[in-house]
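First comes the structure, then the notes that go with it.
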Amino acid sequence: MLQHEPESASRPGSLETRDLTIRFGGHVAVNAVSCRFAPGTLTAIVGPNGAGKTTYFNLISGQLHASAGQVLLDGRDISSLAASARTHAGLGRAFQLTSLFPNLSVLENVRLALQSRRRIGLDMWNVWTRHGALIERADELLESVALQARRDAPAASLPHGDQRKLEVALLMALDPQVYMFDEPTAGMSVDEVPVVLDLIRKLKARRDKTILLVEHKMDVVRELADRIIVLHNGTLMADGEPEAVIASPVVQQAYLGQAPVEEAA
Ligand SMILES: Nc1ncnc2c1ncn2[C@@H]1O[C@H](COP(=O)(O)OP(=O)(O)OP(=O)(O)O)[C@@H](O)[C@H]1O
């Protein structure tokens, strides 16, 4: 299987996991996963249910702390940082709306995300002159996810599909170096899916961000991914260009729910 060349750790957004491992009791959910993710590429992380994809994401974003191994961002070991500190360092993951401001409007949530990124100071003149610009940018972002009509609604009142779109808008507002999307279109209606996929497509076209995507829909993966890594039983089973990975017997067997060739022998 094709292995990717290591990228220079000096490029902003270079992400690496080294022997990343987490055990829950006796169960090893992520097992010594070593992988580099380069700026300008979109890597899809696939695997059967329970393979460890979300747990791997949680370890990278800091929702979980590893039992062993490291996460490095731009060559710096961030394994001991809390999730919020990792966000400040440039790792962006779609927010859980419950941890945001459910009673504030959709627009206010986006404005606050923009503001946190720009770290506007307490200078009142700055605050008022920039306030208009922030609202304008927040409106643009809402437009890009087709949420303009819901801008004044409390975030918590949005139906599920709209909440997912808001999560994407908030991530765009933060504009991190590393974008992490965990099944971004899950639970969306057919007409909502293209809006989000189009945003990811545009983000990818910029070629300056590191994008990680956990996704079950193989047609989406095929279209968007530069590279696919496959997790199976917590281990990195395959890593390479999409067509080669999808066609490989180990992946086919894993997706059919059978044991991979090596294990079956
Ligand atoms: N907090 C936890 N405590 C105990 N076991 C856990 C915990 N979180 C995850 N696991 C287990 O770790 C394994 C990997 O789960 P994970 O949710 O990461 O898989 P996944 O590949 O994201 O699956 P899916 O595609 O169904 O979302 C599963 O066996 C799961 O039951």
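By order in the structure tokens, chains are A, B, ...; within a chain, residues start at 1; ligands start at 1, following the order shown.
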
Ligand 1: which residues are within 6 Å, counting only C-alpha atoms and all ligand atoms, as a PyMOL selection string? chain A and resi 24+29+48-55

List every residue of segment 19-214 of chain A that DSSP, applied to the backbone of this structure, assigns to strand (DSSP E or B), and report them as a PyMOL selection string. chain A and resi 19-24+27-37+42-46+68-73+76-77+91-93+105+154+178-182+210-214

Selected residues written out, C-alpha atoms, as a PDB file, in the first residue's frame:
ATOM      1  CA  ASP A  19       1.871   5.378  18.192  1.00  0.00           C
ATOM      2  CA  LEU A  20      -1.355   6.931  19.426  1.00  0.00           C
ATOM      3  CA  THR A  21      -3.134   4.485  21.701  1.00  0.00           C
ATOM      4  CA  ILE A  22      -6.082   4.458  24.071  1.00  0.00           C
ATOM      5  CA  ARG A  23      -7.375   1.627  26.200  1.00  0.00           C
ATOM      6  CA  PHE A  24     -10.785   1.447  27.788  1.00  0.00           C
ATOM      7  CA  HIS A  27     -10.167  -2.896  25.136  1.00  0.00           C
ATOM      8  CA  VAL A  28      -7.670  -1.079  22.893  1.00  0.00           C
ATOM      9  CA  ALA A  29      -9.901   1.282  20.890  1.00  0.00           C
ATOM     10  CA  VAL A  30      -7.009   3.005  19.076  1.00  0.00           C
ATOM     11  CA  ASN A  31      -3.863   0.951  18.793  1.00  0.00           C
ATOM     12  CA  ALA A  32      -0.476   2.563  18.054  1.00  0.00           C
ATOM     13  CA  VAL A  33      -1.703   4.663  15.120  1.00  0.00           C
ATOM     14  CA  SER A  34       1.149   6.592  13.488  1.00  0.00           C
ATOM     15  CA  CYS A  35       0.188   8.947  10.693  1.00  0.00           C
ATOM     16  CA  ARG A  36       1.138  12.334   9.230  1.00  0.00           C
ATOM     17  CA  PHE A  37      -1.339  14.752   7.721  1.00  0.00           C
ATOM     18  CA  LEU A  42      -7.839  16.106   2.571  1.00  0.00           C
ATOM     19  CA  THR A  43      -7.574  12.732   4.263  1.00  0.00           C
ATOM     20  CA  ALA A  44     -10.653  10.599   4.758  1.00  0.00           C
ATOM     21  CA  ILE A  45     -10.683   8.254   7.721  1.00  0.00           C
ATOM     22  CA  VAL A  46     -12.864   5.250   7.078  1.00  0.00           C
ATOM     23  CA  ALA A  68       0.289   6.109  25.071  1.00  0.00           C
ATOM     24  CA  GLY A  69       1.740   7.925  22.083  1.00  0.00           C
ATOM     25  CA  GLN A  70       1.656  11.555  20.992  1.00  0.00           C
ATOM     26  CA  VAL A  71      -0.164  14.120  18.896  1.00  0.00           C
ATOM     27  CA  LEU A  72       2.100  16.709  17.259  1.00  0.00           C
ATOM     28  CA  LEU A  73       0.994  19.927  15.623  1.00  0.00           C
ATOM     29  CA  ARG A  76       5.080  20.457  18.825  1.00  0.00           C
ATOM     30  CA  ASP A  77       3.807  17.758  21.171  1.00  0.00           C
ATOM     31  CA  LEU A  91      -6.879  22.441  15.565  1.00  0.00           C
ATOM     32  CA  GLY A  92     -10.508  23.000  14.635  1.00  0.00           C
ATOM     33  CA  ARG A  93     -13.270  20.524  15.114  1.00  0.00           C
ATOM     34  CA  SER A 105     -29.105  33.557  18.049  1.00  0.00           C
ATOM     35  CA  PRO A 154     -31.931  30.728  18.976  1.00  0.00           C
ATOM     36  CA  VAL A 178      -6.507  21.869  10.721  1.00  0.00           C
ATOM     37  CA  TYR A 179     -10.177  21.210   9.965  1.00  0.00           C
ATOM     38  CA  MET A 180     -11.712  18.063  11.435  1.00  0.00           C
ATOM     39  CA  PHE A 181     -15.087  16.962  10.107  1.00  0.00           C
ATOM     40  CA  ASP A 182     -16.779  14.000  11.779  1.00  0.00           C
ATOM     41  CA  THR A 210      -5.083  20.207   6.603  1.00  0.00           C
ATOM     42  CA  ILE A 211      -8.476  18.538   6.375  1.00  0.00           C
ATOM     43  CA  LEU A 212      -9.512  15.330   8.129  1.00  0.00           C
ATOM     44  CA  LEU A 213     -12.855  13.795   7.333  1.00  0.00           C
ATOM     45  CA  VAL A 214     -14.528  10.836   9.004  1.00  0.00           C
TER      46      VAL A 214
END

Please identify all polymer residues within 10 Å of Arg207 of chain A, counting only C-alpha atoms, omitting same-chain residues fewer than 6 positions from it, and present them as JSON, numbers by chain. {"A": [39, 40, 41, 42]}

Given the selection you just returned, output its residues as a file containing N, CA and C atoms, formatted as a PDB file, in the first residue's frame.
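selection_21.pdb written:
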ATOM      1  N   PRO A  39      -0.547  19.827   5.293  1.00  0.00           N
ATOM      2  CA  PRO A  39      -1.367  20.954   4.832  1.00  0.00           C
ATOM      3  C   PRO A  39      -1.626  20.831   3.331  1.00  0.00           C
ATOM      4  N   GLY A  40      -2.817  21.232   2.913  1.00  0.00           N
ATOM      5  CA  GLY A  40      -3.148  21.177   1.496  1.00  0.00           C
ATOM      6  C   GLY A  40      -3.731  19.845   1.061  1.00  0.00           C
ATOM      7  N   THR A  41      -3.935  18.932   2.033  1.00  0.00           N
ATOM      8  CA  THR A  41      -4.518  17.636   1.658  1.00  0.00           C
ATOM      9  C   THR A  41      -5.775  17.340   2.471  1.00  0.00           C
ATOM     10  N   LEU A  42      -6.649  16.581   1.851  1.00  0.00           N
ATOM     11  CA  LEU A  42      -7.839  16.106   2.571  1.00  0.00           C
ATOM     12  C   LEU A  42      -7.722  14.590   2.727  1.00  0.00           C
TER      13      LEU A  42
END

Quote the spacing between atom CA of Thr17 of chain A and atom CA of Lys202 of chain A in Å to one decimal place. 26.2 Å

Residue neighbourhood Leu107 of chain A, 7 Å, only C-alpha atoms, exclusion window fewer than 4 positions, as a PDB file with N, CA and C atoms, in the first residue's frame:
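Full text of out-v6.pdb as output:
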ATOM      1  N   ARG A 111     -20.862  35.207  15.242  1.00  0.00           N
ATOM      2  CA  ARG A 111     -20.094  36.421  15.550  1.00  0.00           C
ATOM      3  C   ARG A 111     -19.097  36.146  16.687  1.00  0.00           C
ATOM      4  N   ALA A 138     -20.179  37.364   9.543  1.00  0.00           N
ATOM      5  CA  ALA A 138     -21.047  36.304  10.091  1.00  0.00           C
ATOM      6  C   ALA A 138     -22.203  36.037   9.129  1.00  0.00           C
ATOM      7  N   ARG A 151     -31.033  33.315  10.848  1.00  0.00           N
ATOM      8  CA  ARG A 151     -29.993  34.042  11.567  1.00  0.00           C
ATOM      9  C   ARG A 151     -30.418  34.530  12.948  1.00  0.00           C
ATOM     10  N   ASP A 152     -31.697  34.871  13.106  1.00  0.00           N
ATOM     11  CA  ASP A 152     -32.131  35.419  14.392  1.00  0.00           C
ATOM     12  C   ASP A 152     -32.751  34.377  15.329  1.00  0.00           C
TER      13      ASP A 152
END

May I have all residues of segment 137-186 of chain A that DSSP, computed from the backbone, assigns to helix (DSSP H, G or I), given as a list in words? Arg137, Ala138, Asp139, Glu140, Leu141, Leu142, Glu143, Ser144, Gln148, Ala149, Arg150, Ala155, Ala156, Ser157, His160, Gly161, Asp162, Gln163, Arg164, Lys165, Leu166, Glu167, Val168, Ala169, Leu170, Leu171, Met172, Ala173 and Leu174 of chain A

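Closest to Val193 of chain A among A:Gly234, A:Gly13, A:Gly47, A:Gly161 is A:Gly161, based on only C-alpha atoms.
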
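Between atom CA of Gln177 of chain A and atom CA of Pro12 of chain A there is a distance of 6.8 Å.
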
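Interatomic distance, atom CA of Ala66 of chain A against atom CA of His88 of chain A: 19.7 Å.
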